[in-house]
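Comments concern the structure below.
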Amino acid sequence: MAPVLSPGRVLAAPDLQVRRMLVRLTPARAAARRLASARFEARRAMLPQGATVRGALRRMTRFSGALVCAAALTAGSARVLAQSLKAPAPPLATPSGETAGDLRAWLVRIRDAAVRSNYVGTIVNSTGTSVVSSRVGHYFDGRSTMERIDALDGEPRSMLRINDEVRTLWPRYRVAVIEPADPRAAFPALVSGNEKHIPELYELHVQPAQRIAGHDADRLLLKARDDSRFDHVIWADHATGLLLRVDVQLAGRTLESSGFSDVNIGVKPDAAAIYSELHRADGFRIVKPAIEHTRLDAEGWTMQAALLPAGFMALDCVRRALDLPGDAAGQANVLQAIWSDGITHVSLFIEPFQPQRHRSEGLTVIGATHTLTRRVNDMWLTAVGDVPPAALDLFMRALEHKT
Amino acid sequence: MSQPDSDRSSSDSSRRILSALADGDATDSEAARAFQAWRDDPDARAAWHGYQLIGDVLRSEDLASAPRADEAFLVALRARLADEPVVLAPQPRAEPAVVLAPAVANGAATTRSRARWQGPMAMAAGFLVVVGGLNVLRPFGHGPDASVAAAGGASAPLMASATAVNNGAMVPVGQQTPAQTKAAADQLAPYLAAHRQSAMNAPFQMPGNDLRNVNLVQPAQ
Amino acid sequence: MTMLNPDPDAALVERVKQGDVRAFEMLVVKYQRRIERLIGRMVRDVDLVADIAQETFIRAYRALPQFRAESAFYTWLYRIAVNTAKKALVDMKRDPVTTLTALQGSDDDDETYRPGMEPTDGETPEALLASKEIAATVNAAIAALSEDLRQAITLREIEGLSYEEISDVMNCPIGTVRSRIFRAREAIAERLRPLLDTREGNRW
């Protein structure tokens, strides 16, 4: 019997309605419904209303000028360096051409915006076979920088940065790892010396503007001038200069892409979002990996400058502990030397060769990141960077033991 | 519409899996086959549409809609999705099929900067692996646990998937078993973590790179 | 469908996140009708409804990486649809047609959605004879099913129970639940075939 349907009204077929009623009356059905409701309520109660980043950020408290939790800061260094900062300034103007001067001006604008902006957003990183995202908040009040990054995929963890200290919280392990932050990130006055060389290494092409994450963005192609680095496409918010997306490319093909899928620029600085998360780590085990600054030559090594890829300047050299593979809770002591061409970084790890551990020599590629391992005499070298493997090879060849 | 028995049974099994997937009851390997069927088999796509339409109509008859309208919608959306700036899946990498020259002892002089690549045959020893990513699962001091588990389901040997990622443009030099690859990944994880941490907040990088946790997964096939 | 059980869309969403754009199409096919109906209550212009629905799915695709499995995919998609429609109306400087005030009540924390309980006012123009025929055919097919099959598919599609819950209610193994639902769908699809077949080569 075909039911009559009149337009504009939901009318279930009579027999279907009857079926629905009969279904409802079954005692087992009622029990299942009760069970289902109970599960729903239990699940709803379990939803972390306050602990998610979104929950915390939604409950933004007014920013308090007095940053109370001094215990969380390395107070001395923060105070000293904070005094060198200027108050927040309006973003620098956008350059108009493609000269070296324009490229430097773009980079200054972008770097400045990165330090000074207050924003909250979601960043997505793709390598072509996987997608990872993080929720990011960055706050700057003219004196202090605070940052919070929550991993949205994989093992739950949050990174909290206050000026020059970074804490990475691992809630399921109840561990807080404390490390120093790159001081350049917090203090724009400390300009890395090789930024002025960037135009010699990359050629600027201004490309048509696009919209990224709801913002009008200027788009720049930094085309590598040699084979020792990749092309970088950079999208920067037109209004503020904030970096919105970066693609690392080789011959026009994208190796890796990182960008905001949504971002709110110009939010009120929210100290509570950082401190509330810090307090969550009360009772966590504190881990401070040993990192000791040193110099390559003090460790008995030197780099033959003629062999190094162009434009890479030494950034830092540290002796640090790395986790050993497997379930062994031990560390290996390695020397890590870091270079930068102003846009990208390369690390070279040097340690004594150990046959049980050091078995695989070769190249591993993850997105834009290449890792080269090699035994040289009685040492084991590991070079890592978002650069072509040729460049990593050059770093390895340039390394020389001082006699 | 008569099909040979073998066709009928394989399309039948696709339909069964799609029915289960529609209710969230497919196992990982079944789901993988369902996604494959969606790509390859128009009948499978029609079946999925049919099941979804039936469910909609059972719940509310004003959701009944002409399939042609539904189909037109999807076709138009596909075109728009193709135009989308890539956020989810960048174009497949065409990494140059190059491999390093054999390792040279320290101090051997070579010309600067423009290192010329030798062909794959020049690789004396070593491997070349492309992975989706590396999953650093544990905090410092707890030992690295670089997981090479695929996101559920049976995993083919990683080398095979590496070439699949690159559409055959890469030539793996030296074969590795998955266990060897896992050992190599375990070895690398702390170096990657240390590198990213020292490059943290680099001015022209998106924030969060140091926290990046990229899964070592099978590429979508 | 209330958020009682693991989201049945979880496997699909995960697959899309792994880079399989085609898998997103499966979600589109599943929700396109509901989304268009939802938008159709806010916007009268039929072409605009389809455009806004397209825009909704594009926005969902872009935002998918930030979708967390704390809510059902459809709940999240629903909100995107509402926001997209509101924005379109504002952009076009049109007065909202009907139920905008009714929808203003839905706040960010509302995670429940029960289809079939919203008011339906006004047939969307494209629900012509073909759609009436389809509805009638489905009803007739349901009525013709055996009790077991009908109960299984009704519990699944109308009551939103999981396979596990259905196996409790019907006192049979989960494998049997799966099989009964499949056979019910096939039986209905068989009746629908003349209405759904276009015979114009590969569709979809």
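In the structure tokens, chains take letters A, B, ... by order of appearance, with residues numbered from 1 within each chain and ligands from 1 in the order shown.
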
Leaving out Ala114 (chain A) and any residue of its chain fewer than 4 positions from it, which residues lie within 10 Å of it when counting only C-alpha atoms, given as a PyMOL selection string?
-> (chain A and resi 108-110+118-119+138+140+185-186+188+240-243) or (chain B and resi 201-207)

Resulting file, chosen residues, C-alpha atoms, as a PDB file, in the first residue's frame:
```pdb
ATOM      1  CA  VAL A 108      62.646  41.631   8.710  1.00  0.00           C
ATOM      2  CA  ARG A 109      58.907  42.238   8.529  1.00  0.00           C
ATOM      3  CA  ILE A 110      58.120  38.555   8.872  1.00  0.00           C
ATOM      4  CA  ASN A 118      49.531  37.726  19.440  1.00  0.00           C
ATOM      5  CA  TYR A 119      47.723  34.904  17.732  1.00  0.00           C
ATOM      6  CA  HIS A 138      51.661  32.999  20.857  1.00  0.00           C
ATOM      7  CA  PHE A 140      53.810  39.050  23.365  1.00  0.00           C
ATOM      8  CA  ALA A 185      62.963  33.727  19.008  1.00  0.00           C
ATOM      9  CA  ALA A 186      62.202  35.900  21.988  1.00  0.00           C
ATOM     10  CA  PRO A 188      64.303  40.508  17.998  1.00  0.00           C
ATOM     11  CA  THR A 240      50.664  42.079   9.901  1.00  0.00           C
ATOM     12  CA  GLY A 241      53.420  40.124   8.174  1.00  0.00           C
ATOM     13  CA  LEU A 242      52.814  37.012  10.227  1.00  0.00           C
ATOM     14  CA  LEU A 243      53.990  33.847   8.549  1.00  0.00           C
TER      15      LEU A 243
ATOM     16  CA  ASN B 201      61.474  29.189  16.532  1.00  0.00           C
ATOM     17  CA  ALA B 202      63.620  29.741  13.494  1.00  0.00           C
ATOM     18  CA  PRO B 203      62.269  32.961  12.079  1.00  0.00           C
ATOM     19  CA  PHE B 204      61.089  31.624   8.755  1.00  0.00           C
ATOM     20  CA  GLN B 205      59.597  28.399   9.913  1.00  0.00           C
ATOM     21  CA  MET B 206      56.096  27.781  11.079  1.00  0.00           C
ATOM     22  CA  PRO B 207      55.954  27.330  14.834  1.00  0.00           C
TER      23      PRO B 207
END
```

Taking only C-alpha atoms into account, report as a VMD selection string which residues of chain C lie within 8 Å of chain B.
-> chain C and resid 7 to 11 15 17 to 20 22 to 23 25 to 26 28 to 30 32 to 34 37 50 54 58 62 65 115 to 116 123 126 to 127 130 to 132 134 to 135 138 to 139 154 157 to 158 162 to 163 178 to 179 181 to 182 185 188 to 189 196 202 to 204

Output N, CA and C atoms for every residue in that selection, as a short mmCIF file (atom, residue, chain, number, x, y, z; two decimals), in the first residue's frame.
```cif
data_model
loop_
_atom_site.label_atom_id
_atom_site.label_comp_id
_atom_site.auth_asym_id
_atom_site.auth_seq_id
_atom_site.Cartn_x
_atom_site.Cartn_y
_atom_site.Cartn_z
N ASP C 7 32.17 7.25 16.77
CA ASP C 7 31.65 7.81 15.54
C ASP C 7 31.86 6.84 14.38
N PRO C 8 30.78 6.42 13.72
CA PRO C 8 30.97 5.52 12.58
C PRO C 8 31.77 6.14 11.45
N ASP C 9 31.89 7.47 11.46
CA ASP C 9 32.66 8.12 10.42
C ASP C 9 34.15 8.16 10.74
N ALA C 10 34.54 7.65 11.90
CA ALA C 10 35.93 7.82 12.34
C ALA C 10 36.92 7.26 11.32
N ALA C 11 36.62 6.06 10.79
CA ALA C 11 37.55 5.45 9.85
C ALA C 11 37.69 6.29 8.58
N ARG C 15 41.05 8.26 7.27
CA ARG C 15 41.56 7.98 5.93
C ARG C 15 41.81 9.27 5.15
N LYS C 17 42.48 12.12 6.42
CA LYS C 17 43.65 12.77 7.03
C LYS C 17 44.94 12.15 6.53
N GLN C 18 44.87 10.91 6.10
CA GLN C 18 46.08 10.28 5.58
C GLN C 18 46.33 10.66 4.14
N GLY C 19 45.49 11.49 3.59
CA GLY C 19 45.78 12.00 2.27
C GLY C 19 44.87 11.45 1.18
N ASP C 20 43.88 10.67 1.54
CA ASP C 20 43.00 10.09 0.53
C ASP C 20 41.80 11.00 0.32
N ARG C 22 39.72 11.02 -2.09
CA ARG C 22 38.53 10.30 -2.57
C ARG C 22 37.67 9.85 -1.40
N ALA C 23 38.32 9.50 -0.29
CA ALA C 23 37.54 9.06 0.87
C ALA C 23 36.64 10.19 1.37
N GLU C 25 34.99 12.08 -0.46
CA GLU C 25 33.77 12.00 -1.28
C GLU C 25 32.74 11.10 -0.64
N MET C 26 33.20 10.05 0.02
CA MET C 26 32.25 9.14 0.65
C MET C 26 31.47 9.86 1.74
N VAL C 28 30.89 13.06 1.71
CA VAL C 28 30.02 14.00 1.01
C VAL C 28 28.73 13.30 0.59
N VAL C 29 28.88 12.13 -0.03
CA VAL C 29 27.70 11.40 -0.48
C VAL C 29 26.79 11.07 0.70
N LYS C 30 27.40 10.82 1.81
CA LYS C 30 26.59 10.47 2.98
C LYS C 30 25.78 11.67 3.49
N GLN C 32 25.38 14.93 2.08
CA GLN C 32 24.97 16.03 1.20
C GLN C 32 23.48 16.33 1.32
N ARG C 33 22.64 15.33 1.37
CA ARG C 33 21.19 15.60 1.41
C ARG C 33 20.82 16.30 2.71
N ARG C 34 21.35 15.82 3.81
CA ARG C 34 21.00 16.44 5.09
C ARG C 34 21.49 17.88 5.16
N ARG C 37 19.31 20.05 3.08
CA ARG C 37 18.03 20.31 3.74
C ARG C 37 18.19 21.36 4.82
N ALA C 50 22.59 24.89 -3.06
CA ALA C 50 23.63 23.97 -3.54
C ALA C 50 25.01 24.61 -3.41
N GLN C 54 28.10 23.21 -1.20
CA GLN C 54 29.44 22.97 -1.73
C GLN C 54 30.49 23.67 -0.88
N ILE C 58 33.72 22.17 1.23
CA ILE C 58 35.09 22.66 1.00
C ILE C 58 35.69 23.14 2.32
N ARG C 62 38.98 21.66 4.30
CA ARG C 62 40.13 22.46 4.70
C ARG C 62 40.37 22.36 6.19
N PRO C 65 41.91 18.75 9.21
CA PRO C 65 43.05 18.44 10.07
C PRO C 65 42.85 18.86 11.52
N PRO C 115 18.04 13.78 13.92
CA PRO C 115 17.35 14.03 12.64
C PRO C 115 15.89 13.62 12.74
N GLY C 116 15.10 14.25 11.95
CA GLY C 116 13.68 13.91 11.96
C GLY C 116 12.90 14.72 12.97
N GLU C 123 8.70 22.39 0.90
CA GLU C 123 9.40 21.40 0.10
C GLU C 123 10.52 22.12 -0.63
N GLU C 126 13.47 20.79 -5.58
CA GLU C 126 13.96 19.66 -6.36
C GLU C 126 13.39 18.33 -5.91
N ALA C 127 12.64 18.32 -4.81
CA ALA C 127 12.03 17.07 -4.35
C ALA C 127 10.74 16.84 -5.12
N ALA C 130 10.30 12.28 -8.57
CA ALA C 130 11.32 11.26 -8.39
C ALA C 130 11.57 11.00 -6.92
N SER C 131 11.66 12.03 -6.14
CA SER C 131 11.96 11.81 -4.74
C SER C 131 10.77 11.22 -4.01
N LYS C 132 9.57 11.59 -4.40
CA LYS C 132 8.40 10.97 -3.79
C LYS C 132 8.37 9.49 -4.10
N ILE C 134 10.88 7.62 -4.73
CA ILE C 134 11.92 6.94 -3.97
C ILE C 134 11.44 6.67 -2.55
N ALA C 135 10.85 7.66 -1.94
CA ALA C 135 10.37 7.48 -0.57
C ALA C 135 9.33 6.37 -0.52
N VAL C 138 10.95 2.95 -0.89
CA VAL C 138 11.65 2.51 0.31
C VAL C 138 10.65 1.98 1.33
N ASN C 139 9.58 2.70 1.50
CA ASN C 139 8.57 2.25 2.46
C ASN C 139 8.02 0.89 2.08
N THR C 154 16.00 -1.11 11.03
CA THR C 154 15.31 -0.04 11.75
C THR C 154 16.08 0.38 12.99
N GLU C 157 19.25 2.31 11.53
CA GLU C 157 19.11 3.58 10.82
C GLU C 157 18.20 4.55 11.54
N ILE C 158 17.16 4.04 12.19
CA ILE C 158 16.21 4.95 12.82
C ILE C 158 16.56 5.18 14.29
N SER C 162 24.26 0.85 17.80
CA SER C 162 25.44 0.24 17.21
C SER C 162 25.17 -1.24 16.97
N TYR C 163 26.04 -1.88 16.23
CA TYR C 163 25.90 -3.32 16.00
C TYR C 163 25.87 -4.07 17.33
N ARG C 178 25.36 -7.72 11.25
CA ARG C 178 25.95 -7.16 10.04
C ARG C 178 25.29 -7.74 8.79
N SER C 179 25.11 -9.04 8.81
CA SER C 179 24.55 -9.71 7.65
C SER C 179 23.10 -9.29 7.42
N ILE C 181 21.59 -6.49 8.29
CA ILE C 181 21.51 -5.11 7.81
C ILE C 181 21.90 -5.06 6.34
N PHE C 182 22.94 -5.81 5.99
CA PHE C 182 23.36 -5.84 4.59
C PHE C 182 22.24 -6.38 3.70
N ARG C 185 19.48 -3.85 3.31
CA ARG C 185 19.87 -2.79 2.37
C ARG C 185 19.81 -3.29 0.94
N ILE C 188 16.24 -3.52 -0.33
CA ILE C 188 15.66 -2.21 -0.64
C ILE C 188 16.33 -1.63 -1.88
N ALA C 189 17.64 -1.78 -1.94
CA ALA C 189 18.36 -1.24 -3.10
C ALA C 189 17.90 -1.91 -4.38
N LEU C 196 17.18 4.34 -9.58
CA LEU C 196 18.50 4.92 -9.39
C LEU C 196 19.42 4.72 -10.59
N ASN C 202 29.54 5.26 -16.63
CA ASN C 202 29.94 5.37 -15.23
C ASN C 202 29.45 6.67 -14.63
N ARG C 203 28.73 6.53 -13.54
CA ARG C 203 28.35 7.72 -12.82
C ARG C 203 29.32 7.91 -11.65
N TRP C 204 28.99 8.78 -10.84
CA TRP C 204 29.78 8.97 -9.62
C TRP C 204 31.26 9.06 -9.93
#
```

Please identify all polymer residues within 6 Å of region 340-348 of chain A, counting only C-alpha atoms, omitting same-chain residues fewer than 3 positions from it, and present them as a list in words.
->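 So the residues in contact are Asn194, Glu195, Gly311, Phe312, Met313, Gln336, Ala337, Thr382, Ala383, Val384 and Gly385 of chain A; His195 and Phe204 of chain B.
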
Restricting the output to N, CA and C atoms, write the selected residues as a PDB file, in the first residue's frame.
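again-v4.pdb was written with the following content:
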```
ATOM      1  N   ASN A 194      73.677  36.202   9.741  1.00  0.00           N
ATOM      2  CA  ASN A 194      73.704  35.835   8.331  1.00  0.00           C
ATOM      3  C   ASN A 194      72.426  36.189   7.580  1.00  0.00           C
ATOM      4  N   GLU A 195      71.521  36.903   8.235  1.00  0.00           N
ATOM      5  CA  GLU A 195      70.311  37.235   7.503  1.00  0.00           C
ATOM      6  C   GLU A 195      70.604  38.167   6.348  1.00  0.00           C
ATOM      7  N   GLY A 311      77.084  30.082   2.317  1.00  0.00           N
ATOM      8  CA  GLY A 311      76.117  30.832   3.114  1.00  0.00           C
ATOM      9  C   GLY A 311      75.727  30.224   4.441  1.00  0.00           C
ATOM     10  N   PHE A 312      76.227  29.069   4.765  1.00  0.00           N
ATOM     11  CA  PHE A 312      75.863  28.491   6.055  1.00  0.00           C
ATOM     12  C   PHE A 312      76.854  28.965   7.117  1.00  0.00           C
ATOM     13  N   MET A 313      76.330  29.636   8.129  1.00  0.00           N
ATOM     14  CA  MET A 313      77.185  30.133   9.193  1.00  0.00           C
ATOM     15  C   MET A 313      76.907  29.331  10.459  1.00  0.00           C
ATOM     16  N   GLN A 336      76.837  18.188  18.817  1.00  0.00           N
ATOM     17  CA  GLN A 336      75.957  18.658  17.765  1.00  0.00           C
ATOM     18  C   GLN A 336      76.372  20.052  17.334  1.00  0.00           C
ATOM     19  N   ALA A 337      76.722  20.176  16.082  1.00  0.00           N
ATOM     20  CA  ALA A 337      77.067  21.483  15.538  1.00  0.00           C
ATOM     21  C   ALA A 337      75.951  21.905  14.597  1.00  0.00           C
ATOM     22  N   THR A 382      76.056  11.954  11.824  1.00  0.00           N
ATOM     23  CA  THR A 382      74.655  12.038  11.412  1.00  0.00           C
ATOM     24  C   THR A 382      74.375  13.486  11.042  1.00  0.00           C
ATOM     25  N   ALA A 383      73.960  13.700   9.820  1.00  0.00           N
ATOM     26  CA  ALA A 383      73.647  15.059   9.373  1.00  0.00           C
ATOM     27  C   ALA A 383      72.154  15.145   9.094  1.00  0.00           C
ATOM     28  N   VAL A 384      71.529  16.187   9.585  1.00  0.00           N
ATOM     29  CA  VAL A 384      70.081  16.341   9.462  1.00  0.00           C
ATOM     30  C   VAL A 384      69.773  17.748   8.981  1.00  0.00           C
ATOM     31  N   GLY A 385      68.843  17.862   8.044  1.00  0.00           N
ATOM     32  CA  GLY A 385      68.416  19.212   7.663  1.00  0.00           C
ATOM     33  C   GLY A 385      67.372  19.180   6.576  1.00  0.00           C
TER      34      GLY A 385
ATOM     35  N   HIS B 195      67.598  17.914  16.492  1.00  0.00           N
ATOM     36  CA  HIS B 195      67.740  18.895  15.417  1.00  0.00           C
ATOM     37  C   HIS B 195      66.576  19.876  15.419  1.00  0.00           C
ATOM     38  N   PHE B 204      61.868  31.829   9.958  1.00  0.00           N
ATOM     39  CA  PHE B 204      61.089  31.624   8.755  1.00  0.00           C
ATOM     40  C   PHE B 204      60.565  30.208   8.668  1.00  0.00           C
TER      41      PHE B 204
END
```

Among region 296-392 of chain A, which residues carry a DSSP assignment of helix (DSSP H, G or I), reported as a list in words?
->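 Of region 296-392 of chain A, only Asp297, Ala298, Glu299, Ala305, Ala306, Leu307, Pro389, Ala390, Ala391 and Leu392 of chain A fall in helix (DSSP H, G or I).
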
Tell me, as a PDB file with N, CA and C atoms, in the first residue's frame, which residues lie within 6 Å of region 292-296 of chain A, counting only C-alpha atoms; anything in the same chain fewer than 2 positions away does not count.
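Produced file result39.pdb, reproduced below:
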```pdb
ATOM      1  N   ALA A 298      87.136  23.668  20.154  1.00  0.00           N
ATOM      2  CA  ALA A 298      87.493  23.249  21.511  1.00  0.00           C
ATOM      3  C   ALA A 298      87.343  21.739  21.666  1.00  0.00           C
ATOM      4  N   GLU A 299      86.502  21.156  20.814  1.00  0.00           N
ATOM      5  CA  GLU A 299      86.288  19.710  20.883  1.00  0.00           C
ATOM      6  C   GLU A 299      87.231  18.966  19.961  1.00  0.00           C
ATOM      7  N   TRP A 301      87.666  19.679  16.554  1.00  0.00           N
ATOM      8  CA  TRP A 301      87.210  19.562  15.162  1.00  0.00           C
ATOM      9  C   TRP A 301      87.298  20.903  14.468  1.00  0.00           C
ATOM     10  N   CYS A 317      77.087  25.163  18.941  1.00  0.00           N
ATOM     11  CA  CYS A 317      77.693  23.844  19.069  1.00  0.00           C
ATOM     12  C   CYS A 317      77.454  23.393  20.493  1.00  0.00           C
ATOM     13  N   VAL A 318      76.849  22.225  20.646  1.00  0.00           N
ATOM     14  CA  VAL A 318      76.523  21.748  21.992  1.00  0.00           C
ATOM     15  C   VAL A 318      76.937  20.298  22.152  1.00  0.00           C
ATOM     16  N   ARG A 319      77.175  19.959  23.391  1.00  0.00           N
ATOM     17  CA  ARG A 319      77.362  18.560  23.752  1.00  0.00           C
ATOM     18  C   ARG A 319      76.090  18.169  24.485  1.00  0.00           C
TER      19      ARG A 319
END
```
